[in-house]
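**Student:** Please read through the structure below; I'll follow up with questions.
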Amino acid sequence: MSILKKINVVRRSLMRNLTKNMGNSGINKGGPIDKTKIKKVLISRPNKRLGNLLLITPLVQEVTATFPDCKIDLFVKGTLAPIVFENYENVDKIIHLPKRPFKELIKYLKVWTLIRKGKYDLVINVDQNSSSGRLAVQFSRAKYKFFGDLPENVQLEHDDYEHIAKYPVYNFRYFLAQVGLENKEPVALLDLKLSQKEITNGKNILNKIIDEKKKTIAIFTFATGEKCYCVSWWEEFYAALKEEYQDYNIIEVLPVENVSQINFAAPSFYSKDVREIGSVLANTTVFIGADSGIMHLSSASKAPTVGLFSGSNIKKYEPYGNNSIGLDTNVLTVPDFIKAISAILNKGNL
């Protein structure tokens, strides 16, 4: 590990310890909420990964549904947020935290100045373990502050509470319920909000790759670190897919690294444009891939999604909605995968 990485590990640990007990969520302390007076909201999720940004789309939808006249600013990292939230009418400004605070100190300080000067009515931290997220809430001058965690001894009874896209919504609902704003509707799905024009463009791109007369199964064979299945694993699975679904097109969506765990054996699609990838996936019958940003992109594009999980985080990250499912590859085998995929395809044919 490089010296810089060691410094960052120490810095993160120190910041977590300093901020873990910072502040108390002040939804009820600010008195009853007049929904019509919540005009400006800041949602804090200082993270740059595609998957993590897509996973806050249910919370953004929740805030919009609760306060339909509000404008939402997002406090994030990286450059993907404007792309992900391009068609969210209520999202106004994107505030970026620089990747390297020590090397971009002026930009770093400017971000906190913007948050301090922002006339927010409500500030929401998504991840209770994010030190930067908690700092943003504390540093703001908002009347209502939500740090992302629940009071001690409060446990919410939801079967799907562990899911990273859902528990921020459930936590937020708990605090709103304290002032009479209750919502018992199912948590919204991940949503890229593709336009009809984008979906049509995706169909045109797909039609240049596949047989238009057949429905299409998309696979994504890459993932980062331990989440990436080996070549032999994918080759066995791909052979089973070809044998079982001869009446379907099977295409491989390639990662930005332009690599393939099946040695490019299937017709492939490559793009660096997140929304273009989503528009292609929106025209597939089912998507199959390991836990990754592209898996969440598929889910947000409303494609039935089969997520492959080899770790213990399936309840936290599994795709949901649109007949999607997460499969534990530690206990299930290829015949189980085929059975689950066929069930989704049969539902789609009804």
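In the structure tokens, chains take the letters A, B, ... in the order shown, each chain's residues start at 1, and ligands count up from 1 in the order shown.
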Taking the backbone alone, and naming residues the way the document does, which bits of region 91-287 of chain A are alpha helix (DSSP H) by DSSP, as a VMD selection string?

**Tutor:** chain A and resid 105 to 117 131 to 139 167 to 177 196 to 207 231 to 244 274 to 281

**Student:** Please provide as number ranges by chain all residues within 9 Å of Asn90 (chain A), with the sequence filter that same-chain residues fewer than 6 positions apart are discarded (counting only C-alpha atoms).

**Tutor:** A: 60, 64, 68-73

**Student:** With N, CA and C atoms retained, export the selected residues as a CSV table (one decimal), in the first residue's frame.

**Tutor:**
chain,number,residue,atom,x,y,z
A,60,VAL,N,-34.4,10.2,-3.8
A,60,VAL,CA,-34.7,11.5,-4.6
A,60,VAL,C,-36.2,11.5,-5.0
A,64,THR,N,-39.1,14.1,-3.7
A,64,THR,CA,-39.9,14.8,-4.7
A,64,THR,C,-41.4,14.6,-4.4
A,68,PRO,N,-43.3,18.2,-3.5
A,68,PRO,CA,-43.3,18.3,-5.0
A,68,PRO,C,-42.8,19.6,-5.6
A,69,ASP,N,-42.9,20.7,-4.8
A,69,ASP,CA,-42.5,22.0,-5.3
A,69,ASP,C,-41.0,22.3,-4.9
A,70,CYS,N,-40.3,21.4,-4.4
A,70,CYS,CA,-38.9,21.7,-3.9
A,70,CYS,C,-37.9,21.5,-5.1
A,71,LYS,N,-36.8,22.2,-4.9
A,71,LYS,CA,-35.6,22.0,-5.8
A,71,LYS,C,-34.6,21.2,-4.9
A,72,ILE,N,-34.0,20.2,-5.6
A,72,ILE,CA,-33.0,19.4,-4.8
A,72,ILE,C,-31.6,19.6,-5.4
A,73,ASP,N,-30.7,19.9,-4.5
A,73,ASP,CA,-29.3,19.9,-4.8
A,73,ASP,C,-28.7,18.6,-4.3

**Student:** I need the residues in region 82-275 of chain A that are strand (DSSP E) according to DSSP; give them as a ChimeraX atom specification.

**Tutor:** /A:91-97,122-125,144-146,215-220,248-253,268-269

**Student:** Do you know which residues are at most 8 Å from region 123-125 of chain A counting only C-alpha atoms, after dropping those on the same chain fewer than 5 positions away, and could you put them as a ChimeraX atom specification?

**Tutor:** /A:41-45,133-134,136-137,140,142,144-148

**Student:** Could you pull the residues within 10 Å of Cys230 (chain A), counting only C-alpha atoms, minus those fewer than 6 positions along the same chain, as an MDAnalysis selection string?

**Tutor:** chainID A and resid 221:222 261:262

**Student:** Write out, as CSV, each residue of region 122-211 of chain A that has an atom at most 9 Å from region 297-311 of chain A, together with the closest pair of atoms and their distance in Å to one decimal, counting only C-alpha atoms, rows going by chain and rising number.

**Tutor:**
residue,atom,partner,partner_atom,distance
A:Leu189,CA,A:Ala300,CA,7.2
A:Leu190,CA,A:Ala300,CA,4.5
A:Asp191,CA,A:Ala300,CA,4.2
A:Leu192,CA,A:Ala300,CA,5.1
A:Lys193,CA,A:Ser301,CA,7.5
A:Leu194,CA,A:Ser301,CA,7.0

**Student:** Restricting the output to all heavy atoms, write the selected residues as a PDB file, in the first residue's frame.

**Tutor:**
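This went into selection-v8.pdb:
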ATOM      1  N   LEU A 189     -38.614   2.272  -7.223  1.00  0.00           N
ATOM      2  CA  LEU A 189     -37.559   1.511  -7.878  1.00  0.00           C
ATOM      3  C   LEU A 189     -36.405   2.430  -8.269  1.00  0.00           C
ATOM      4  O   LEU A 189     -36.571   3.649  -8.377  1.00  0.00           O
ATOM      5  CB  LEU A 189     -38.105   0.839  -9.139  1.00  0.00           C
ATOM      6  CG  LEU A 189     -39.335  -0.060  -8.991  1.00  0.00           C
ATOM      7  CD1 LEU A 189     -39.683  -0.681 -10.340  1.00  0.00           C
ATOM      8  CD2 LEU A 189     -39.111  -1.139  -7.951  1.00  0.00           C
ATOM      9  N   LEU A 190     -35.241   1.849  -8.487  1.00  0.00           N
ATOM     10  CA  LEU A 190     -34.157   2.612  -9.090  1.00  0.00           C
ATOM     11  C   LEU A 190     -34.644   3.088 -10.451  1.00  0.00           C
ATOM     12  O   LEU A 190     -35.323   2.343 -11.177  1.00  0.00           O
ATOM     13  CB  LEU A 190     -32.920   1.733  -9.279  1.00  0.00           C
ATOM     14  CG  LEU A 190     -31.955   1.579  -8.100  1.00  0.00           C
ATOM     15  CD1 LEU A 190     -32.625   0.906  -6.916  1.00  0.00           C
ATOM     16  CD2 LEU A 190     -30.720   0.784  -8.519  1.00  0.00           C
ATOM     17  N   ASP A 191     -34.301   4.309 -10.816  1.00  0.00           N
ATOM     18  CA  ASP A 191     -34.847   4.853 -12.055  1.00  0.00           C
ATOM     19  C   ASP A 191     -33.881   5.841 -12.692  1.00  0.00           C
ATOM     20  O   ASP A 191     -33.569   6.885 -12.120  1.00  0.00           O
ATOM     21  CB  ASP A 191     -36.188   5.535 -11.782  1.00  0.00           C
ATOM     22  CG  ASP A 191     -36.997   5.762 -13.052  1.00  0.00           C
ATOM     23  OD1 ASP A 191     -36.454   5.545 -14.153  1.00  0.00           O
ATOM     24  OD2 ASP A 191     -38.176   6.150 -12.941  1.00  0.00           O
ATOM     25  N   LEU A 192     -33.417   5.503 -13.887  1.00  0.00           N
ATOM     26  CA  LEU A 192     -32.578   6.402 -14.679  1.00  0.00           C
ATOM     27  C   LEU A 192     -33.418   7.433 -15.415  1.00  0.00           C
ATOM     28  O   LEU A 192     -32.884   8.394 -15.955  1.00  0.00           O
ATOM     29  CB  LEU A 192     -31.749   5.575 -15.671  1.00  0.00           C
ATOM     30  CG  LEU A 192     -30.638   6.263 -16.448  1.00  0.00           C
ATOM     31  CD1 LEU A 192     -29.574   6.824 -15.503  1.00  0.00           C
ATOM     32  CD2 LEU A 192     -29.993   5.302 -17.444  1.00  0.00           C
ATOM     33  N   LYS A 193     -34.728   7.222 -15.416  1.00  0.00           N
ATOM     34  CA  LYS A 193     -35.674   8.096 -16.118  1.00  0.00           C
ATOM     35  C   LYS A 193     -35.269   8.302 -17.581  1.00  0.00           C
ATOM     36  O   LYS A 193     -35.093   9.424 -18.068  1.00  0.00           O
ATOM     37  CB  LYS A 193     -35.811   9.444 -15.408  1.00  0.00           C
ATOM     38  CG  LYS A 193     -36.582   9.354 -14.088  1.00  0.00           C
ATOM     39  CD  LYS A 193     -36.941  10.730 -13.563  1.00  0.00           C
ATOM     40  CE  LYS A 193     -37.727  10.645 -12.261  1.00  0.00           C
ATOM     41  NZ  LYS A 193     -39.060  10.025 -12.444  1.00  0.00           N
ATOM     42  N   LEU A 194     -35.132   7.191 -18.282  1.00  0.00           N
ATOM     43  CA  LEU A 194     -34.838   7.258 -19.716  1.00  0.00           C
ATOM     44  C   LEU A 194     -36.017   7.846 -20.462  1.00  0.00           C
ATOM     45  O   LEU A 194     -37.174   7.519 -20.177  1.00  0.00           O
ATOM     46  CB  LEU A 194     -34.540   5.855 -20.249  1.00  0.00           C
ATOM     47  CG  LEU A 194     -33.243   5.199 -19.769  1.00  0.00           C
ATOM     48  CD1 LEU A 194     -33.253   3.717 -20.116  1.00  0.00           C
ATOM     49  CD2 LEU A 194     -32.034   5.889 -20.384  1.00  0.00           C
TER      50      LEU A 194
END
